[in-house]
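Below is one structure; the comments refer to it alone.
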There are 4 protein chains.
Amino acid sequence: MSGNSLGKLFRITTFGESHGKTMGVVIDGCPSLFTLKESDIQEFVNKRKPGQSEITTSRSESDKIEIVSGVFEGKTTGAPICILIPNADNRAADYSALKDIYRPSHADFTYQQKYGIRDFLGGGRSSARETVCRVAAGAVAQLILQSWGIQIVAYTFSVGNLFVKQVSKFSKVQVESSITRCPDSAVAVEIESEIRKAKIKGDSLGGIVACSIYNVPVGLGEPVFDRLEADLAKAMLSINATKGFEIGSGFEGTKLRGSAHNDLFNVKENQISFDTNNAGGVLGGISNGNDIEFKVAFKPTATIRQKQSVLTNQNTLAEMQLEGRHDPCVVPRAVPIVEAMAALVILDHILLNRATQL
Amino acid sequence: MSGNSLGKLFRITTFGESHGKTMGVVIDGCPSLFTLKESDIQEFVNKRKPGQSEITTSRSESDKIEIVSGVFEGKTTGAPICILIPNADNRAADYSALKDIYRPSHADFTYQQKYGIRDFLGGGRSSARETVCRVAAGAVAQLILQSWGIQIVAYTFSVGNLFVKQVSKFSKVQVESSITRCPDSAVAVEIESEIRKAKIKGDSLGGIVACSIYNVPVGLGEPVFDRLEADLAKAMLSINATKGFEIGSGFEGTKLRGSAHNDLFNVKENQISFDTNNAGGVLGGISNGNDIEFKVAFKPTATIRQKQSVLTNQNTLAEMQLEGRHDPCVVPRAVPIVEAMAALVILDHILLNRATQL
Amino acid sequence: MSGNSLGKLFRITTFGESHGKTMGVVIDGCPSLFTLKESDIQEFVNKRKPGQSEITTSRSESDKIEIVSGVFEGKTTGAPICILIPNADNRAADYSALKDIYRPSHADFTYQQKYGIRDFLGGGRSSARETVCRVAAGAVAQLILQSWGIQIVAYTFSVGNLFVKQVSKFSKVQVESSITRCPDSAVAVEIESEIRKAKIKGDSLGGIVACSIYNVPVGLGEPVFDRLEADLAKAMLSINATKGFEIGSGFEGTKLRGSAHNDLFNVKENQISFDTNNAGGVLGGISNGNDIEFKVAFKPTATIRQKQSVLTNQNTLAEMQLEGRHDPCVVPRAVPIVEAMAALVILDHILLNRATQL
Amino acid sequence: MSGNSLGKLFRITTFGESHGKTMGVVIDGCPSLFTLKESDIQEFVNKRKPGQSEITTSRSESDKIEIVSGVFEGKTTGAPICILIPNADNRAADYSALKDIYRPSHADFTYQQKYGIRDFLGGGRSSARETVCRVAAGAVAQLILQSWGIQIVAYTFSVGNLFVKQVSKFSKVQVESSITRCPDSAVAVEIESEIRKAKIKGDSLGGIVACSIYNVPVGLGEPVFDRLEADLAKAMLSINATKGFEIGSGFEGTKLRGSAHNDLFNVKENQISFDTNNAGGVLGGISNGNDIEFKVAFKPTATIRQKQSVLTNQNTLAEMQLEGRHDPCVVPRAVPIVEAMAALVILDHILLNRATQL
């Protein structure tokens with residue numbers, strides 16, 4: 001497996017297992033001369049932290065990040081930046097039961113088949129714990145983008161059947177005002193209640209994260225394959241538990257006619273804008289200056305606390321009720337992960353675009 | 001722009017513009033010793049050919065493919081295979097009107113902004129004509145996969161509001177039995193009628209292509225970033241006019257509870273199977289041996305034959321009714337393109353997977 | 001085999017076999033807005049052309065290049081540029097004798113073993129005919145570099161035991177003043193005579209090409225692996241028949257003491273220069289503003305017109321005197337190839353370097 | 001800068017600065033199921049360790065390696081393997097003098113120019129301390145290769161004007177029998193004396209490392225660019241202080257005629273061998289089954305303890321005698337680094353070659 005890197009010029013490589021010594025990420029290609037503080041990165045990582053509220057997993061990790069290379073006297077030097085996030089709350093003993101079984105809809109079976117071996121402690125490499133590395137690296141990208149005026153705001157668009165009816169330009173403050181990360185406070189209350197109910201029943205929920213990127217320059221994206229939306233789609237579908245990606249009008253937009261779907265240009269005082277944004281900010285694989293708007297589907301958490309049939313390594317079935325800490329719904333904690341992945345893609349494309357014209 | 005290649009070990013690079021001399025694709029990394037005939041590739045390319053029915057563009061291209069390298073005495077040699085598809089029905093004159101304007105929801109504006117120049121003849125490089133190269137290369141991949149017993153079948157799942165209600169394991173014959181490539185004959189009739197109506201009105205339609213891949217070995221996919229579904233998503237979102245990708249239960253699946261969504265294992269005579277396929281054939285980014293099932297959303301064609309507001313290169317708006325040949329709905333011709341992209345991804349991952357174990 | 005591409009941002013992919021339909025190269029990532037004429041590229045390609053003098057192979061190829069994509073109204077558009085160079089003087093019949101034998105020090109044996117098949121016509125893919133693609137692509141790079149004031153001059157430094165004693169800053173005119181491409185006219189005469197003698201005897205000669213790159217900006221090179229000299233070394237060792245690369249003081253420099261080898265700085269009117277150039281223009285993998293100076297070793301041509309022992313595909317030895325057209329010494333025609341490869345590396349690194357600082 | 005990774009399928013990424021918290025390397029793509037112990041890696045790393053003898057730098061580093069991911073119950077899992085090597089003997093204070101000056105023939109100047117900032121402590125990222133990461137990763141590669149019967153033996157071929165006259169198939173024991181790593185004991189004594197003399201004078205020496213790889217399978221190398229010798233050349237030229245690479249007959253071989261240079265085949269009991277090895281084990285970019293034989297030139301250490309002219313950041317010159325720990329000759333410690341880089345290239349190509357044939 002050599003698929004642990006993402007990006008061309010701003011390139012990250014992650015490593016670490018759920019109950020190994022440490023998680024970590026190497027950022028190669030971070031431009032030099034950016035002022036970078038561990039505490040700034042920590043803020044982003046904290047948003048993803050387990051145990052942050054009653055509706056997330058109870059695993060307790062401080063997720064204290066440490067920059068071990070690439071920063072000198074507070075500034076990036078252009079050398080690779082390695083960030084370590086040690087695992088603290090390891091409970092290897094909890095997982096001995098998983099050694100010989102494959103849980104349904106988990107990666108246990110496929111990892112074992114592919115590699116002929118697997119670290120079964122809390123999912124090992126396949127655990128969503130790996131995403132802490134993405135959030136740390138994505139924080140660096142977001143800080144740089146922010147310094148250029150580019151903002152990324154993701155939020156909980158839906159959980160189960162509950163969804164935001166009135167979409168608007170939500171602020172980070174609105175998103176963070178609920179532990180659900182749903183910026184519509186009425187829906188947030190319902191979602192919180194729904195997640196609590198699922199948790200009590202030992203069941204789980206899925207949902208959709210929406211993401212907007214504001215102030216993106218025109219011209220990002222490298223057709224014909226490295227289209228901006230193609231790289232965003234890949235980045236999003238590389239997150240654990242994702243099952244779908246759509247940009248702009250997405251699947252619903254397929255029902256419109258072209259005459260209704262086309263985004264007409266607008267010109268005011270020589271400034272070009274668009275009447276609508278069915279494109280979601282990309283045309284022909286290249287950003288058009290409008291907001292980038294996309295959604296990501298997350299399936300209900302595969303881990304549930306109900307008796308279920310599992311496969312054993314003897315090719316038999318067994319009934320089992322699994323214990324272990326997990327999120328009854330990953331969506332609230334997925335919000336910062338989606339933002340991180342978006343930032344990584346956008347920054348990489350900004351750097352790539354520097355080579356476009358003579 | 002250096003984004004015109006896709007794949008790691010089975011790697012394609014496409015070139016050519018809509019009204020340039022020739023389209024072409026180089027396949028680098030095709031395994032040696034495969035028997036390859038131009039006529040076999042031609043069959044796949046013909047399915048995408050313009051002018052194949054009354055509901056597609058009237059542009060007339062023979063799309064006659066020619067292999068100019070990499071094949072010796074009928075077999076692949078391991079050397080790069082270049083396939084040329086000359087452009088015949090060029091009508092540069094038709095496009096002089098486009099020189100100074102940017103059509104809404106087209107790539108005219110973004111290409112001009114990004115590159116500071118654009119080939120405006122029929123969309124130049126941004127034209128979906130480029131996908132003929134993908135189909136040619138994808139044909140090679142499909143032929144190899146078929147020789148290993150792996151089958152890819154895509155079809156028109158929906159156009160506008162019309163969609164297949166009863167999904168089953170459709171055959172290629174069923175798909176090809178209608179010019180709409182919708183295998184549900186009742187729905188196919190409705191769709192055909194709908195497309196004809198849109199054509200008459202000078203309007204356009206969108207829709208959804210569904211794709212199944214049968215007999216995929218367990219173990220394809222390279223976590224954590226080069227997950228199989230991530231690479232499929234990227235490949236699909238790199239196709240012109242796509243706005244979404246979902247695998248397995250997709251966006252709808254987010255409404256289920258984990259207890260309903262989990263795909264339980266089944267064991268019969270030591271053969272492992274799954275009760276359901278909400279996963280769409282992938283777990284943890286790796287194929288699980290179940291059918292790969294995904295959908296791709298296509299927006300309504302941006303080109304319409306109605307008076308519309310366009311942007312001029314003087315930053316003013318103008319009313320204009322555009323002429324030129326185009327598909328009122330790209331979905332029927334997108335079916336072979338989706339299959340081609342799927343084949344490219346699957347074959348690349350089969351080769352990558354050879355390096356997994358010691 | 002997927003090793004037919006070189007470069008990261010300015011990336012070339014070559015295809016074609018010695019006696020196939022056409023040679024070709026795709027340049028992906030060429031910056032837009034550069035004025036590019038076929039005739040300008042042709043001039044570079046002509047310098048490598050077979051049959052250009054009595055001391056080269058008698059194969060007669062017009063090597064007429066054709067740009068089939070990526071250029072619109074005389075300017076690069078940022079789309080991939082495909083250049084075709086059709087093969088004209090094919091003499092497949094000449095090579096039937098090679099079908100079942102492996103010539104010593106040729107790639108016949110290794111291609112057959114690796115791929116299980118080989119195009120044996122004139123070496124197929126392993127023929128140095130492939131380098132015409134590099135020269136065509138390198139011409140584009142050189143034209144761009146020239147427009148920025150960067151000059152690349154390679155020349156025949158030695159053939160056999162004859163070498164240039166007095167190295168200076170040779171001009172392209174000096175290099176081209178002899179068919180040997182040796183700018184020292186006295187040595188050139190000797191070399192020409194030596195090559196003629198070898199030709200008559202049916203024997204062959206090796207030699208060394210020296211290359212200087214003038215006016216290179218400080219800062220090119222991406223440590224720690226993609227050092228400028230590392231990428232130059234790879235590019236040069238990827239040329240047929242090369243056996244060595246050295247930069248600056250090279251192998252001889254290993255005999256010096258540090259106190260003699262260090263290149264001391266010089267400052268005049270705030271301009272920094274160096275007293276010597278043992279570094280060959282690179283320090284720590286990054287260009288230092290001094291001229292880049294390197295040498296490339298070419299072995300004597302493996303094809304000779306003398307009776308030799310060859311291996312048969314029956315694992316026996318046979319005596320054979322091979323016919324077929326070839327260069328008794330590749331060095332004169334290697335000069336433009338070395339320049340081309342150097343240009344590709346330098347331009348790629350200039351584009352990469354645009355992403356270095358914030 | 002995003003050039004800190006090497007390899008395609010067996011891919012390493014290094015990080016860390018000379019006086020930072022830790023050095024480290026991530027290996028992505030290590031095949032699963034290999035038994036890997038820290039102590040086995042440590043043995044390789046110890047051979048490169050500073051302070052190992054009187055003729056190396058006096059910097060004292062335990063270079064204790066720690067595997068923090070990718071190994072489970074003693075076996076590789078296919079997940080990325082991160083190895084950390086903390087820096088212990090940091091003496092930041094020693095380097096305050098370097099802050100404002102650029103040493104001749106060091107990377108100080110080019111790093112400052114390229115990145116606009118540099119970690120000046122002991123050379124920061126440009127220090128050869130980074131090579132400890134390569135040796136650690138290369139150890140993993142060598143252990144795997146050894147398990148397949150492939151052996152890599154490098155040795156000190158020359159230092160200054162002293163060189164091994166009688167080259168033979170030296171064993172690792174012979175190489176390690178002298179602190180100079182010169183397997184010819186008579187020459188080793190002379191070299192040791194020469195290095196001691198240079199050390200006393202505060203001067204430095206260069207030299208050449210020779211390397212042989214035994215038992216390499218036929219078929220490694222991916223023409224036309226990723227030839228085996230091209231990737232070896234790049235890997236070697238990416239090592240600090242290297243100025244040249246040659247394979248087989250190299251630069252000297254250019255003086256031979258083809259009739260003398262060609263390596264004739266030999267067949268005995270159906271086994272193919274070669275009478276000579278001017279090719280150095282590669283033909284047409286592909287291994288031919290013969291030993292791989294190459295040499296790497298190392299310049300004399302740039303750091304000397306003599307008064308020298310340096311450049312200041314005020315663009316003035318200053319006389320300065322630099323202190324600080326360094327090797328008077330890097331060659332003995334370069335031997336394990338060359339072996340490591342060779343192993344990384346060979347293993348990567350073995351994995352790549354698995355995709356060659358159908």
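Naming works like this for the structure tokens: A, B, ... for the chains as they're shown, residue 1 at the start of each chain, ligands 1 onward in shown order.
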
Using the chain letters and numbers from this document, which residues of stretch 14-151 of chain A does DSSP assign to strand (DSSP E or B), as JSON, numbers by chain?
{"A": [14, 15, 22, 23, 24, 25, 26, 27, 28, 32, 35, 66, 67, 71, 72, 75, 76, 81, 82, 83, 84, 85, 86, 101, 102, 151]}

Hey, what's within 8 Å of C:Val159 if we count only C-alpha atoms and toss same-chain stuff fewer than 6 positions away? As a list in words, please?
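After dropping sequence-adjacent residues, the list is Ile191, Leu205, Gly206, Gly207, Ile208 and Val331 of chain C; Thr254 and Lys255 of chain D.
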
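The residue that comes closest to chain D, out of B:Gly122, B:Pro31, B:Pro328, B:Pro300 and on the basis of only C-alpha atoms, is B:Pro31.
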
Using the chain letters and numbers from this document, which residues of stretch 104-135 of chain C does DSSP assign to helix (DSSP H, G or I), as a ChimeraX atom specification?
/C:108-115,121-126,128-135

Interface list for chain C, partner chain A, 10 Å threshold, only C-alpha atoms, as a list in words:
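The complete set of qualifying residues is Lys8, Leu9, Phe10, Gly29, Cys30, Pro31, Ser32, Leu33, Phe34, Thr76, Thr77, Gly78, Ala79, Pro80, Ile144, Glu222, Pro223, Val224, Asp348, Ile350, Leu351, Leu352, Asn353, Arg354, Ala355, Thr356, Gln357 and Leu358 of chain C.
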
Name all residues at most 10 Å from B:Lys268 (count only C-alpha atoms; drop same-chain ones fewer than 5 positions away) and give them as a ChimeraX atom specification.
/A:315-316 /B:273

Applying 8 Å and only C-alpha atoms, which residues near stretch 14-21 of chain C remain after dropping the ones on its own chain fewer than 3 positions away? List them as a ChimeraX atom specification.
/B:26,68-70,79-82 /C:4-5,24-26,86-87,90-92,119,121-130,133-134

Quick one: residues within 7 Å of B:Val345, only C-alpha atoms counted, chain neighbours fewer than 3 positions away excluded, as an MDAnalysis selection string?
chainID B and resid 7 231:232 341:342 348:349

Filtering to all heavy atoms, could you give me those residues as a PDB file, in the first residue's frame?
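Dumped everything to result.pdb:
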ATOM      1  N   GLY B   7      -4.135   7.671 -13.395  1.00  0.00           N
ATOM      2  CA  GLY B   7      -3.686   6.316 -13.101  1.00  0.00           C
ATOM      3  C   GLY B   7      -2.237   6.300 -12.671  1.00  0.00           C
ATOM      4  O   GLY B   7      -1.471   7.221 -12.977  1.00  0.00           O
ATOM      5  N   ASP B 231     -10.791   6.909  -5.749  1.00  0.00           N
ATOM      6  CA  ASP B 231     -10.275   6.980  -7.117  1.00  0.00           C
ATOM      7  C   ASP B 231     -11.405   6.891  -8.139  1.00  0.00           C
ATOM      8  O   ASP B 231     -11.342   7.528  -9.201  1.00  0.00           O
ATOM      9  CB  ASP B 231      -9.221   5.890  -7.353  1.00  0.00           C
ATOM     10  CG  ASP B 231      -7.855   6.305  -6.813  1.00  0.00           C
ATOM     11  OD1 ASP B 231      -7.730   7.445  -6.322  1.00  0.00           O
ATOM     12  OD2 ASP B 231      -6.906   5.505  -6.870  1.00  0.00           O
ATOM     13  N   LEU B 232     -12.444   6.120  -7.820  1.00  0.00           N
ATOM     14  CA  LEU B 232     -13.613   6.096  -8.707  1.00  0.00           C
ATOM     15  C   LEU B 232     -14.284   7.466  -8.734  1.00  0.00           C
ATOM     16  O   LEU B 232     -14.669   7.970  -9.791  1.00  0.00           O
ATOM     17  CB  LEU B 232     -14.616   5.033  -8.235  1.00  0.00           C
ATOM     18  CG  LEU B 232     -14.259   3.578  -8.567  1.00  0.00           C
ATOM     19  CD1 LEU B 232     -15.179   2.618  -7.817  1.00  0.00           C
ATOM     20  CD2 LEU B 232     -14.346   3.318 -10.078  1.00  0.00           C
ATOM     21  N   MET B 341     -14.103   4.878 -17.660  1.00  0.00           N
ATOM     22  CA  MET B 341     -13.386   5.408 -16.495  1.00  0.00           C
ATOM     23  C   MET B 341     -13.328   4.374 -15.384  1.00  0.00           C
ATOM     24  O   MET B 341     -12.315   4.256 -14.673  1.00  0.00           O
ATOM     25  CB  MET B 341     -14.054   6.697 -15.997  1.00  0.00           C
ATOM     26  CG  MET B 341     -14.064   7.856 -16.988  1.00  0.00           C
ATOM     27  SD  MET B 341     -12.446   8.255 -17.714  1.00  0.00           S
ATOM     28  CE  MET B 341     -11.615   8.969 -16.290  1.00  0.00           C
ATOM     29  N   ALA B 342     -14.417   3.648 -15.214  1.00  0.00           N
ATOM     30  CA  ALA B 342     -14.427   2.599 -14.185  1.00  0.00           C
ATOM     31  C   ALA B 342     -13.369   1.543 -14.489  1.00  0.00           C
ATOM     32  O   ALA B 342     -12.633   1.098 -13.597  1.00  0.00           O
ATOM     33  CB  ALA B 342     -15.809   1.969 -14.107  1.00  0.00           C
ATOM     34  N   ASP B 348      -6.021  -0.347 -12.950  1.00  0.00           N
ATOM     35  CA  ASP B 348      -4.887   0.270 -12.256  1.00  0.00           C
ATOM     36  C   ASP B 348      -4.756  -0.315 -10.847  1.00  0.00           C
ATOM     37  O   ASP B 348      -3.659  -0.641 -10.392  1.00  0.00           O
ATOM     38  CB  ASP B 348      -5.088   1.792 -12.201  1.00  0.00           C
ATOM     39  CG  ASP B 348      -3.824   2.531 -11.771  1.00  0.00           C
ATOM     40  OD1 ASP B 348      -2.729   2.082 -12.138  1.00  0.00           O
ATOM     41  OD2 ASP B 348      -3.938   3.552 -11.080  1.00  0.00           O
ATOM     42  N   HIS B 349      -5.877  -0.465 -10.174  1.00  0.00           N
ATOM     43  CA  HIS B 349      -5.825  -0.986  -8.804  1.00  0.00           C
ATOM     44  C   HIS B 349      -5.467  -2.473  -8.758  1.00  0.00           C
ATOM     45  O   HIS B 349      -4.851  -2.920  -7.789  1.00  0.00           O
ATOM     46  CB  HIS B 349      -7.138  -0.696  -8.077  1.00  0.00           C
ATOM     47  CG  HIS B 349      -7.139   0.660  -7.442  1.00  0.00           C
ATOM     48  ND1 HIS B 349      -6.542   0.903  -6.227  1.00  0.00           N
ATOM     49  CD2 HIS B 349      -7.610   1.851  -7.870  1.00  0.00           C
ATOM     50  CE1 HIS B 349      -6.669   2.180  -5.920  1.00  0.00           C
ATOM     51  NE2 HIS B 349      -7.312   2.791  -6.901  1.00  0.00           N
TER      52      HIS B 349
END

Residues within 12 Å of D:Met320, only C-alpha atoms, excluding chain neighbours under 2 positions, as an MDAnalysis selection string
chainID D and resid 97:98 101:104 303:312 317:318 322:323

If we count only C-alpha atoms and set the cut-off at 9 Å, which residues sit around B:Asn262, ignoring sequence neighbours fewer than 5 positions away in its own chain? Please answer as a CSV table (one decimal) with all heavy atoms, in the first residue's frame.
chain,number,residue,atom,x,y,z
A,104,PRO,N,-19.4,-6.6,10.6
A,104,PRO,CA,-20.1,-6.2,9.4
A,104,PRO,C,-19.9,-4.7,9.1
A,104,PRO,O,-19.9,-3.9,10.0
A,104,PRO,CB,-21.6,-6.5,9.6
A,104,PRO,CG,-21.7,-6.6,11.1
A,104,PRO,CD,-20.4,-7.1,11.7
A,105,SER,N,-19.7,-4.4,7.8
A,105,SER,CA,-19.6,-3.1,7.3
A,105,SER,C,-18.4,-2.3,7.9
A,105,SER,O,-18.3,-1.1,7.8
A,105,SER,CB,-20.8,-2.3,7.6
A,105,SER,OG,-21.9,-2.8,6.7
A,106,HIS,N,-17.4,-3.1,8.5
A,106,HIS,CA,-16.2,-2.6,8.9
A,106,HIS,C,-15.1,-3.0,7.9
A,106,HIS,O,-15.3,-3.8,7.1
A,106,HIS,CB,-15.8,-3.1,10.3
A,106,HIS,CG,-16.3,-2.2,11.4
A,106,HIS,ND1,-15.6,-1.1,11.8
A,106,HIS,CD2,-17.4,-2.3,12.2
A,106,HIS,CE1,-16.2,-0.6,12.8
A,106,HIS,NE2,-17.3,-1.2,13.0
A,300,PRO,N,-24.3,5.7,8.3
A,300,PRO,CA,-24.4,5.5,9.8
A,300,PRO,C,-23.2,4.7,10.3
A,300,PRO,O,-22.7,3.8,9.6
A,300,PRO,CB,-25.7,4.7,9.9
A,300,PRO,CG,-26.1,4.2,8.6
A,300,PRO,CD,-25.5,5.1,7.6
A,301,THR,N,-22.7,5.1,11.4
A,301,THR,CA,-21.5,4.3,12.0
A,301,THR,C,-21.7,2.8,12.0
A,301,THR,O,-22.8,2.4,12.4
A,301,THR,CB,-21.3,4.8,13.5
A,301,THR,OG1,-21.5,6.2,13.6
A,301,THR,CG2,-20.0,4.4,14.0
A,302,ALA,N,-20.7,2.1,11.5
A,302,ALA,CA,-20.9,0.7,11.4
A,302,ALA,C,-20.9,0.0,12.8
A,302,ALA,O,-21.6,-1.0,13.0
A,302,ALA,CB,-19.7,0.1,10.6
A,303,THR,N,-20.2,0.6,13.7
A,303,THR,CA,-20.2,0.0,15.1
A,303,THR,C,-21.5,0.3,15.8
A,303,THR,O,-21.9,1.5,15.9
A,303,THR,CB,-19.0,0.6,15.9
A,303,THR,OG1,-17.8,0.5,15.2
A,303,THR,CG2,-18.9,-0.1,17.2
B,257,ARG,N,-30.5,3.8,9.9
B,257,ARG,CA,-29.7,3.6,11.1
B,257,ARG,C,-28.7,2.5,10.8
B,257,ARG,O,-28.9,1.7,9.9
B,257,ARG,CB,-30.7,3.1,12.2
B,257,ARG,CG,-31.9,4.0,12.4
B,257,ARG,CD,-32.2,4.1,13.8
B,257,ARG,NE,-32.8,5.4,14.1
B,257,ARG,CZ,-32.9,6.0,15.2
B,257,ARG,NH1,-32.5,5.4,16.3
B,257,ARG,NH2,-33.4,7.2,15.3
B,276,THR,N,-26.8,-7.8,2.0
B,276,THR,CA,-27.2,-6.6,1.3
B,276,THR,C,-25.9,-5.9,0.7
B,276,THR,O,-24.8,-6.5,0.9
B,276,THR,CB,-27.8,-5.6,2.3
B,276,THR,OG1,-27.0,-5.5,3.5
B,276,THR,CG2,-29.2,-6.0,2.6
B,277,ASN,N,-26.0,-4.8,0.0
B,277,ASN,CA,-24.8,-4.2,-0.5
B,277,ASN,C,-24.9,-2.7,-0.4
B,277,ASN,O,-24.7,-1.9,-1.3
B,277,ASN,CB,-24.6,-4.6,-2.0
B,277,ASN,CG,-23.3,-4.2,-2.5
B,277,ASN,OD1,-22.4,-3.8,-1.8
B,277,ASN,ND2,-23.1,-4.2,-3.9
B,278,ASN,N,-25.2,-2.2,0.8
B,278,ASN,CA,-25.2,-0.8,1.1
B,278,ASN,C,-23.8,-0.2,0.9
B,278,ASN,O,-23.6,0.9,0.6
B,278,ASN,CB,-25.7,-0.5,2.5
B,278,ASN,CG,-27.2,-0.7,2.6
B,278,ASN,OD1,-28.0,-0.2,1.7
B,278,ASN,ND2,-27.7,-1.5,3.6
B,279,ALA,N,-22.8,-1.1,1.1
B,279,ALA,CA,-21.4,-0.6,1.0
B,279,ALA,C,-21.1,-0.3,-0.5
B,279,ALA,O,-20.2,0.5,-0.8
B,279,ALA,CB,-20.5,-1.7,1.5

So how many Å separate atom CA of B:Ile117 and atom CA of A:Gly281, to one decimal?
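Atom-to-atom, atom CA of B:Ile117 and atom CA of A:Gly281 are spaced 20.6 Å apart.
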
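Take atom CA of D:Lys47 and atom CA of D:Val164: the distance between them is 21.2 Å.
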
Calculate how many Å separate atom CA of C:Leu145 from atom CA of B:Asp108, rounding to one decimal.
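Value for the atom CA of C:Leu145-atom CA of B:Asp108 distance: 29.5 Å.
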